[in-house]
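K.L.:
Please read through the structure below; I'll follow up with questions.
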Amino acid sequence: MQESRTNARDREQPGAMEELARDPSSRKRFLRMVGGAGAAGAFAVFLAACTDDDGGGGSSSNRDVASPGGVASNRDRGGDPKEGTSDVEILNYALSLENLETSLYGKVVESGLFRGSQLDLIKKFADNERQHRELLEATVEKLGGKPAAPQKTSFPLNSASGVLTLAATIENGGAAAYLGQANRIRDKEVLAAALSIHTVEARHAAVLNELVGLPPTPQGSFAGPLSMEEVLTSVQRYIDS
Amino acid sequence: MTRANPAVPDLSTVEVQGLTRGSFLLRSAFAAGTVYGAGAVGPYVKHAFAQSNAGDVEVLKFALTLELLEAAFYERALRLPLSGGVREMAQTFGKHEREHVSAIEETIDGLGGKPDRAPRFSFPLRDERSFLALAQTLEETGVSAYNGAAVQIRSPEVLAAAGQIVQIEARHAAVIRTARSQAPAPLAFDKALRMKQVLQAAKPFLKS
C-alpha cells in the first residue's frame, strides 16, 4: 500500500478532533465562548444552528446557549421538521468547512513545502473542495439563503509532515461532519448533494491517513459522526478572530 | 443519535464502547422506532415499526446483497498469491464487509424483515492485478449504490447507519485506487446509481 510515511514525532499539530474527544473542557470552553461577546461575527451563522447533542444530558445553560429557540432537543430524534436546523443552516455549516479546506490547500500549495506527486494530489483535493464550495453556495442561494462568506484563516505550515497531519485531521473531521448532518437534512436533493460530497471527503481522509502512516479506516468497519458543535469547536483555532 | 467515536486517526483502535458493532446499529434502528411513534415498549413495536419501514427493509436487503458480494469477493481473493500489503488490505477490507453484513442482517431482523440467504458468487480472479481492478469496480459501485439508495431511506437512524457504512466503502475505494496508481478522488462529487443499475452490474458475479 502506501510507502510514503512521515515521522509521527514530527507532528506539530495534534488532532483537533482528538483533543476535543479527550478534553471535555474544550466543549465547555466553546459554550462559554458562544455565550460571550465572542459569539458575534464569524460563527454567528452556526451558533444559531448549534445543538445540544447530549440528548437532554446538557445543563440548562448549555441549552440556553446552544438553542436559543429552545427547539433543539428533538432534533436528532427527527421531531417536528419545522423546528431545528434548517437545510440552509446545514449547508452554510458545510460551506464554512469547505471554505476552510479550500483556504488550507491554497496556502499549502503556496507554501512550497510540496512538489511532484504529492503537490499534484494536494492540488486535486483543492480543486475538489473548490467545487464543493461552489455547489454549496449555489444551493444556499437557490434555497433563498445567504452563503457563508470565507473567513480569514491561519494554519501552522511549518513542515510537510505537519501539514499532511493537519490536512488528515481536517478531512477526517469533514467526513464526520457530513456524516453527522446527513439524517437531519430534509430536502432530498440537498441530501443527495451532501452524500456525494461526504464520500469524497472520506477519500481524501483515507489517502492522507495513509500518507502520515495511519490506517485509512481508523475507526474500523463503521465511520463515526461528529456534531456541529464538536466540529466548530475544533476548527475554531484556525479562524482569525 | 448514538455517539460513535469521533473521526480521529489516533483513536483508531477504539471501538463503540460496550456494544458489538452489529448491536450498535441494531440499537440505532430500534431507536428509530420511537421516531415513528411506534411506542417504546410492547410486542407491537416490531410489527408497527416493520410496517412503517417497509421501504427501508427493501433498501437494507439491497445493501445486504452488495455487502455479501464484497465479503465473498475478498474471501475468494485471499486464495490468490497476493503480495504482503495487498493481502493485508484484502483481509482488513474483507473483515469490514463481513461486519457490514452482520450489522445489516441484524438491522433487517430488528425491523421485522427477513434477511435473504447469501447467493453464491463467482469472480474472475486470476492474479493480484485482476483482484485490484475488480476490487476498485466493486467498491466504486458500492459507494454509488449507497449514495443512490440513501435518499430513499425514511428512518433517520437507518440513514445514519448507511452513512457510517458508505464512508468506509469510499475509503476502501480511495486506497485501492492509490494502490493502482490512480487518482483517489477523481470526481468532486461521487456518483449515485439506481438500485436497478447496481443489481445489473452485480449480475455477472451471481451464480445461477
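For the C-alpha cells, the naming scheme is as follows: chains receive sequential letters (A, B, ...) according to their order of presentation, residues are indexed from 1 within each chain, and ligands are indexed from 1 in presentation order.
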Define the interface residues of chain A facing chain B as those within 8 Å, counting only C-alpha atoms, and report them as a PyMOL selection string.

P.N.:
chain A and resi 1-2+15+17-18+21+76-79+121+125+127-129+131-132+169+172-173+175-176+179-180+182-184+188+191-193+195-200+202-207+209+214-226

K.L.:
Write the residues you've just listed into a file as an mmCIF file, in the first residue's frame, and include C-alpha atoms for each of them.

P.N.:
```cif
data_model
loop_
_atom_site.group_PDB
_atom_site.id
_atom_site.type_symbol
_atom_site.label_atom_id
_atom_site.label_comp_id
_atom_site.auth_asym_id
_atom_site.auth_seq_id
_atom_site.Cartn_x
_atom_site.Cartn_y
_atom_site.Cartn_z
ATOM 1 C CA MET A 1 0.000 0.000 0.000
ATOM 2 C CA GLN A 2 1.288 3.487 0.656
ATOM 3 C CA GLY A 15 -5.580 16.226 16.137
ATOM 4 C CA MET A 17 -10.873 16.377 16.956
ATOM 5 C CA GLU A 18 -8.777 14.155 19.143
ATOM 6 C CA ALA A 21 -12.683 13.950 22.330
ATOM 7 C CA ASP A 76 -31.821 14.233 16.406
ATOM 8 C CA ARG A 77 -34.941 12.278 17.023
ATOM 9 C CA GLY A 78 -36.460 13.645 13.883
ATOM 10 C CA GLY A 79 -39.005 15.727 15.783
ATOM 11 C CA LEU A 121 -2.557 15.302 -5.092
ATOM 12 C CA PHE A 125 -8.010 17.890 -3.440
ATOM 13 C CA ASP A 127 -9.975 21.544 -6.779
ATOM 14 C CA ASN A 128 -12.483 19.091 -5.274
ATOM 15 C CA GLU A 129 -13.068 21.416 -2.322
ATOM 16 C CA GLN A 131 -16.178 22.601 -6.488
ATOM 17 C CA HIS A 132 -17.893 21.594 -3.266
ATOM 18 C CA THR A 169 -7.310 15.714 10.755
ATOM 19 C CA ASN A 172 -11.438 13.120 8.745
ATOM 20 C CA GLY A 173 -13.354 15.761 10.640
ATOM 21 C CA ALA A 175 -16.182 13.438 6.588
ATOM 22 C CA ALA A 176 -17.503 13.019 10.137
ATOM 23 C CA LEU A 179 -21.993 12.114 8.336
ATOM 24 C CA GLY A 180 -23.305 13.920 11.399
ATOM 25 C CA ALA A 182 -26.949 13.501 6.756
ATOM 26 C CA ASN A 183 -30.037 12.401 8.642
ATOM 27 C CA ARG A 184 -31.010 15.946 9.587
ATOM 28 C CA LYS A 188 -33.792 15.021 -0.879
ATOM 29 C CA LEU A 191 -29.222 15.182 0.907
ATOM 30 C CA ALA A 192 -28.032 13.707 -2.391
ATOM 31 C CA ALA A 193 -25.535 16.542 -2.786
ATOM 32 C CA LEU A 195 -23.842 12.421 0.309
ATOM 33 C CA SER A 196 -21.910 12.858 -2.910
ATOM 34 C CA ILE A 197 -19.532 15.232 -1.103
ATOM 35 C CA HIS A 198 -19.328 13.107 2.061
ATOM 36 C CA THR A 199 -17.710 10.175 0.288
ATOM 37 C CA VAL A 200 -15.192 12.443 -1.459
ATOM 38 C CA ALA A 202 -13.756 10.254 3.041
ATOM 39 C CA ARG A 203 -11.474 9.506 0.091
ATOM 40 C CA HIS A 204 -9.285 12.480 0.917
ATOM 41 C CA ALA A 205 -9.150 11.431 4.556
ATOM 42 C CA ALA A 206 -8.197 7.841 3.716
ATOM 43 C CA VAL A 207 -5.355 8.874 1.424
ATOM 44 C CA ASN A 209 -4.132 8.971 6.651
ATOM 45 C CA LEU A 214 -2.292 5.973 9.895
ATOM 46 C CA PRO A 215 -4.918 3.406 8.933
ATOM 47 C CA PRO A 216 -7.191 4.598 6.113
ATOM 48 C CA THR A 217 -10.163 3.402 8.132
ATOM 49 C CA PRO A 218 -9.136 4.476 11.627
ATOM 50 C CA GLN A 219 -12.465 3.542 13.152
ATOM 51 C CA GLY A 220 -12.717 0.143 11.551
ATOM 52 C CA SER A 221 -15.878 -1.012 9.824
ATOM 53 C CA PHE A 222 -18.148 1.902 10.716
ATOM 54 C CA ALA A 223 -17.290 5.590 10.487
ATOM 55 C CA GLY A 224 -18.359 7.852 13.317
ATOM 56 C CA PRO A 225 -20.232 11.161 13.031
ATOM 57 C CA LEU A 226 -19.357 14.439 14.714
#
```

K.L.:
Quick one: residues within 9 Å of Lys114 (chain B), only C-alpha atoms counted, chain neighbours fewer than 2 positions away excluded, as a list in words?

P.N.:
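The residues that qualify are Val57, Lys61, Glu105, Ile108, Asp109, Leu111, Gly112 and Asp116 of chain B.
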
K.L.:
Now that the selection is made, can you save its residues with N, CA and C atoms as an mmCIF file, in the first residue's frame?

P.N.:
```cif
data_model
loop_
_atom_site.group_PDB
_atom_site.id
_atom_site.type_symbol
_atom_site.label_atom_id
_atom_site.label_comp_id
_atom_site.auth_asym_id
_atom_site.auth_seq_id
_atom_site.Cartn_x
_atom_site.Cartn_y
_atom_site.Cartn_z
ATOM 1 N N VAL B 57 -36.558 -1.645 4.718
ATOM 2 C CA VAL B 57 -36.122 -3.046 4.685
ATOM 3 C C VAL B 57 -35.681 -3.414 3.267
ATOM 4 N N LYS B 61 -32.035 -4.721 2.317
ATOM 5 C CA LYS B 61 -31.799 -6.010 1.646
ATOM 6 C C LYS B 61 -30.915 -5.823 0.416
ATOM 7 N N GLU B 105 -27.826 -7.443 8.509
ATOM 8 C CA GLU B 105 -28.728 -8.573 8.805
ATOM 9 C C GLU B 105 -29.477 -8.339 10.115
ATOM 10 N N ILE B 108 -32.104 -5.590 9.619
ATOM 11 C CA ILE B 108 -33.289 -6.077 8.896
ATOM 12 C C ILE B 108 -34.153 -6.894 9.852
ATOM 13 N N ASP B 109 -33.508 -7.748 10.585
ATOM 14 C CA ASP B 109 -34.201 -8.571 11.562
ATOM 15 C C ASP B 109 -34.927 -7.695 12.583
ATOM 16 N N LEU B 111 -36.008 -4.772 12.209
ATOM 17 C CA LEU B 111 -37.119 -4.050 11.590
ATOM 18 C C LEU B 111 -38.261 -4.999 11.225
ATOM 19 N N GLY B 112 -38.102 -6.256 11.591
ATOM 20 C CA GLY B 112 -39.166 -7.216 11.312
ATOM 21 C C GLY B 112 -39.071 -7.855 9.947
ATOM 22 N N ASP B 116 -32.285 -12.043 3.315
ATOM 23 C CA ASP B 116 -32.201 -13.083 2.288
ATOM 24 C C ASP B 116 -30.979 -13.956 2.534
#
```

K.L.:
Rounded to one decimal, what separation in Å do you get between CA of Leu136 (chain A) and CA of Glu230 (chain A)?

P.N.:
21.1 Å

K.L.:
Can you work out which one of A:Leu211, A:Leu104, A:Leu135, A:Ala126 has the shortest atom-to-atom distance to Thr165 (chain A), counting only C-alpha atoms?

P.N.:
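Closest to Thr165 (chain A), using only C-alpha atoms: A:Leu211.
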
K.L.:
So which residues of region 118-166 of chain A fall under alpha helix (DSSP H) by DSSP, listed as a PyMOL selection string?

P.N.:
chain A and resi 118-142+160-166

K.L.:
Using only N, CA and C atoms, please write the residues we just selected to a file, as a tab-separated table (two decimals), in the first residue's frame.

P.N.:
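And here's result03.tsv as it stands now:
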```tsv
chain	number	residue	atom	x	y	z
A	118	GLN	N	2.92	14.51	-4.67
A	118	GLN	CA	2.14	14.97	-3.51
A	118	GLN	C	1.53	16.35	-3.76
A	119	LEU	N	2.28	17.19	-4.47
A	119	LEU	CA	1.73	18.50	-4.83
A	119	LEU	C	0.52	18.34	-5.76
A	120	ASP	N	0.67	17.42	-6.71
A	120	ASP	CA	-0.45	17.15	-7.62
A	120	ASP	C	-1.69	16.70	-6.86
A	121	LEU	N	-1.45	15.82	-5.89
A	121	LEU	CA	-2.56	15.30	-5.09
A	121	LEU	C	-3.25	16.44	-4.33
A	122	ILE	N	-2.44	17.30	-3.72
A	122	ILE	CA	-3.00	18.41	-2.95
A	122	ILE	C	-3.78	19.36	-3.85
A	123	LYS	N	-3.24	19.59	-5.04
A	123	LYS	CA	-3.96	20.47	-5.99
A	123	LYS	C	-5.30	19.86	-6.40
A	124	LYS	N	-5.28	18.55	-6.56
A	124	LYS	CA	-6.52	17.86	-6.94
A	124	LYS	C	-7.56	17.98	-5.81
A	125	PHE	N	-7.10	17.76	-4.58
A	125	PHE	CA	-8.01	17.89	-3.44
A	125	PHE	C	-8.54	19.33	-3.35
A	126	ALA	N	-7.64	20.28	-3.57
A	126	ALA	CA	-8.06	21.69	-3.53
A	126	ALA	C	-9.15	21.96	-4.56
A	127	ASP	N	-8.98	21.35	-5.72
A	127	ASP	CA	-9.97	21.54	-6.78
A	127	ASP	C	-11.31	20.91	-6.39
A	128	ASN	N	-11.26	19.73	-5.78
A	128	ASN	CA	-12.48	19.09	-5.27
A	128	ASN	C	-13.22	20.02	-4.30
A	129	GLU	N	-12.45	20.58	-3.36
A	129	GLU	CA	-13.07	21.42	-2.32
A	129	GLU	C	-13.66	22.69	-2.93
A	130	ARG	N	-12.96	23.23	-3.90
A	130	ARG	CA	-13.47	24.44	-4.55
A	130	ARG	C	-14.81	24.14	-5.23
A	131	GLN	N	-14.90	22.97	-5.85
A	131	GLN	CA	-16.18	22.60	-6.49
A	131	GLN	C	-17.28	22.36	-5.45
A	132	HIS	N	-16.90	21.78	-4.34
A	132	HIS	CA	-17.89	21.59	-3.27
A	132	HIS	C	-18.44	22.96	-2.83
A	133	ARG	N	-17.49	23.88	-2.66
A	133	ARG	CA	-17.86	25.22	-2.21
A	133	ARG	C	-18.84	25.87	-3.19
A	134	GLU	N	-18.53	25.75	-4.46
A	134	GLU	CA	-19.39	26.38	-5.48
A	134	GLU	C	-20.79	25.78	-5.46
A	135	LEU	N	-20.85	24.45	-5.34
A	135	LEU	CA	-22.18	23.82	-5.33
A	135	LEU	C	-22.96	24.24	-4.08
A	136	LEU	N	-22.28	24.27	-2.96
A	136	LEU	CA	-22.96	24.62	-1.71
A	136	LEU	C	-23.44	26.07	-1.75
A	137	GLU	N	-22.61	26.96	-2.26
A	137	GLU	CA	-23.02	28.37	-2.38
A	137	GLU	C	-24.26	28.49	-3.27
A	138	ALA	N	-24.19	27.81	-4.39
A	138	ALA	CA	-25.32	27.88	-5.32
A	138	ALA	C	-26.59	27.31	-4.69
A	139	THR	N	-26.43	26.24	-3.91
A	139	THR	CA	-27.60	25.61	-3.30
A	139	THR	C	-28.19	26.50	-2.21
A	140	VAL	N	-27.33	27.13	-1.43
A	140	VAL	CA	-27.83	28.06	-0.41
A	140	VAL	C	-28.63	29.17	-1.08
A	141	GLU	N	-28.09	29.70	-2.14
A	141	GLU	CA	-28.80	30.78	-2.85
A	141	GLU	C	-30.12	30.31	-3.43
A	142	LYS	N	-30.09	29.10	-3.96
A	142	LYS	CA	-31.30	28.53	-4.55
A	142	LYS	C	-32.40	28.39	-3.50
A	160	ALA	N	6.24	19.60	5.93
A	160	ALA	CA	5.35	18.80	5.08
A	160	ALA	C	4.58	17.78	5.92
A	161	SER	N	5.27	17.14	6.83
A	161	SER	CA	4.59	16.10	7.61
A	161	SER	C	3.51	16.72	8.50
A	162	GLY	N	3.83	17.88	9.08
A	162	GLY	CA	2.84	18.56	9.91
A	162	GLY	C	1.62	18.96	9.11
A	163	VAL	N	1.85	19.42	7.89
A	163	VAL	CA	0.75	19.84	7.03
A	163	VAL	C	-0.13	18.64	6.67
A	164	LEU	N	0.51	17.53	6.35
A	164	LEU	CA	-0.28	16.34	5.97
A	164	LEU	C	-1.11	15.85	7.16
A	165	THR	N	-0.54	15.92	8.33
A	165	THR	CA	-1.29	15.50	9.52
A	165	THR	C	-2.46	16.44	9.78
A	166	LEU	N	-2.21	17.73	9.61
A	166	LEU	CA	-3.28	18.71	9.78
A	166	LEU	C	-4.39	18.47	8.76
```

K.L.:
Within 9 Å of Ala118 (chain B), counting only C-alpha atoms, which residues qualify if same-chain residues fewer than 3 places away don't, as a short mmCIF file (atom, residue, chain, number, x, y, z; two decimals) with N, CA and C atoms, in the first residue's frame?

P.N.:
```
data_model
loop_
_atom_site.label_atom_id
_atom_site.label_comp_id
_atom_site.auth_asym_id
_atom_site.auth_seq_id
_atom_site.Cartn_x
_atom_site.Cartn_y
_atom_site.Cartn_z
N LEU B 64 -27.53 -5.40 1.67
CA LEU B 64 -27.02 -6.69 2.14
C LEU B 64 -26.45 -7.51 0.98
N THR B 65 -27.16 -7.50 -0.13
CA THR B 65 -26.67 -8.23 -1.30
C THR B 65 -25.28 -7.74 -1.70
N LEU B 68 -22.67 -8.79 0.90
CA LEU B 68 -22.38 -10.23 0.76
C LEU B 68 -21.45 -10.47 -0.41
N LEU B 69 -21.72 -9.74 -1.48
CA LEU B 69 -20.88 -9.86 -2.68
C LEU B 69 -19.44 -9.44 -2.38
N PRO B 115 -33.72 -11.35 6.48
CA PRO B 115 -32.59 -11.22 5.56
C PRO B 115 -32.58 -12.37 4.55
N PHE B 121 -21.59 -16.72 -5.34
CA PHE B 121 -20.91 -15.78 -6.24
C PHE B 121 -19.73 -16.47 -6.93
#
```
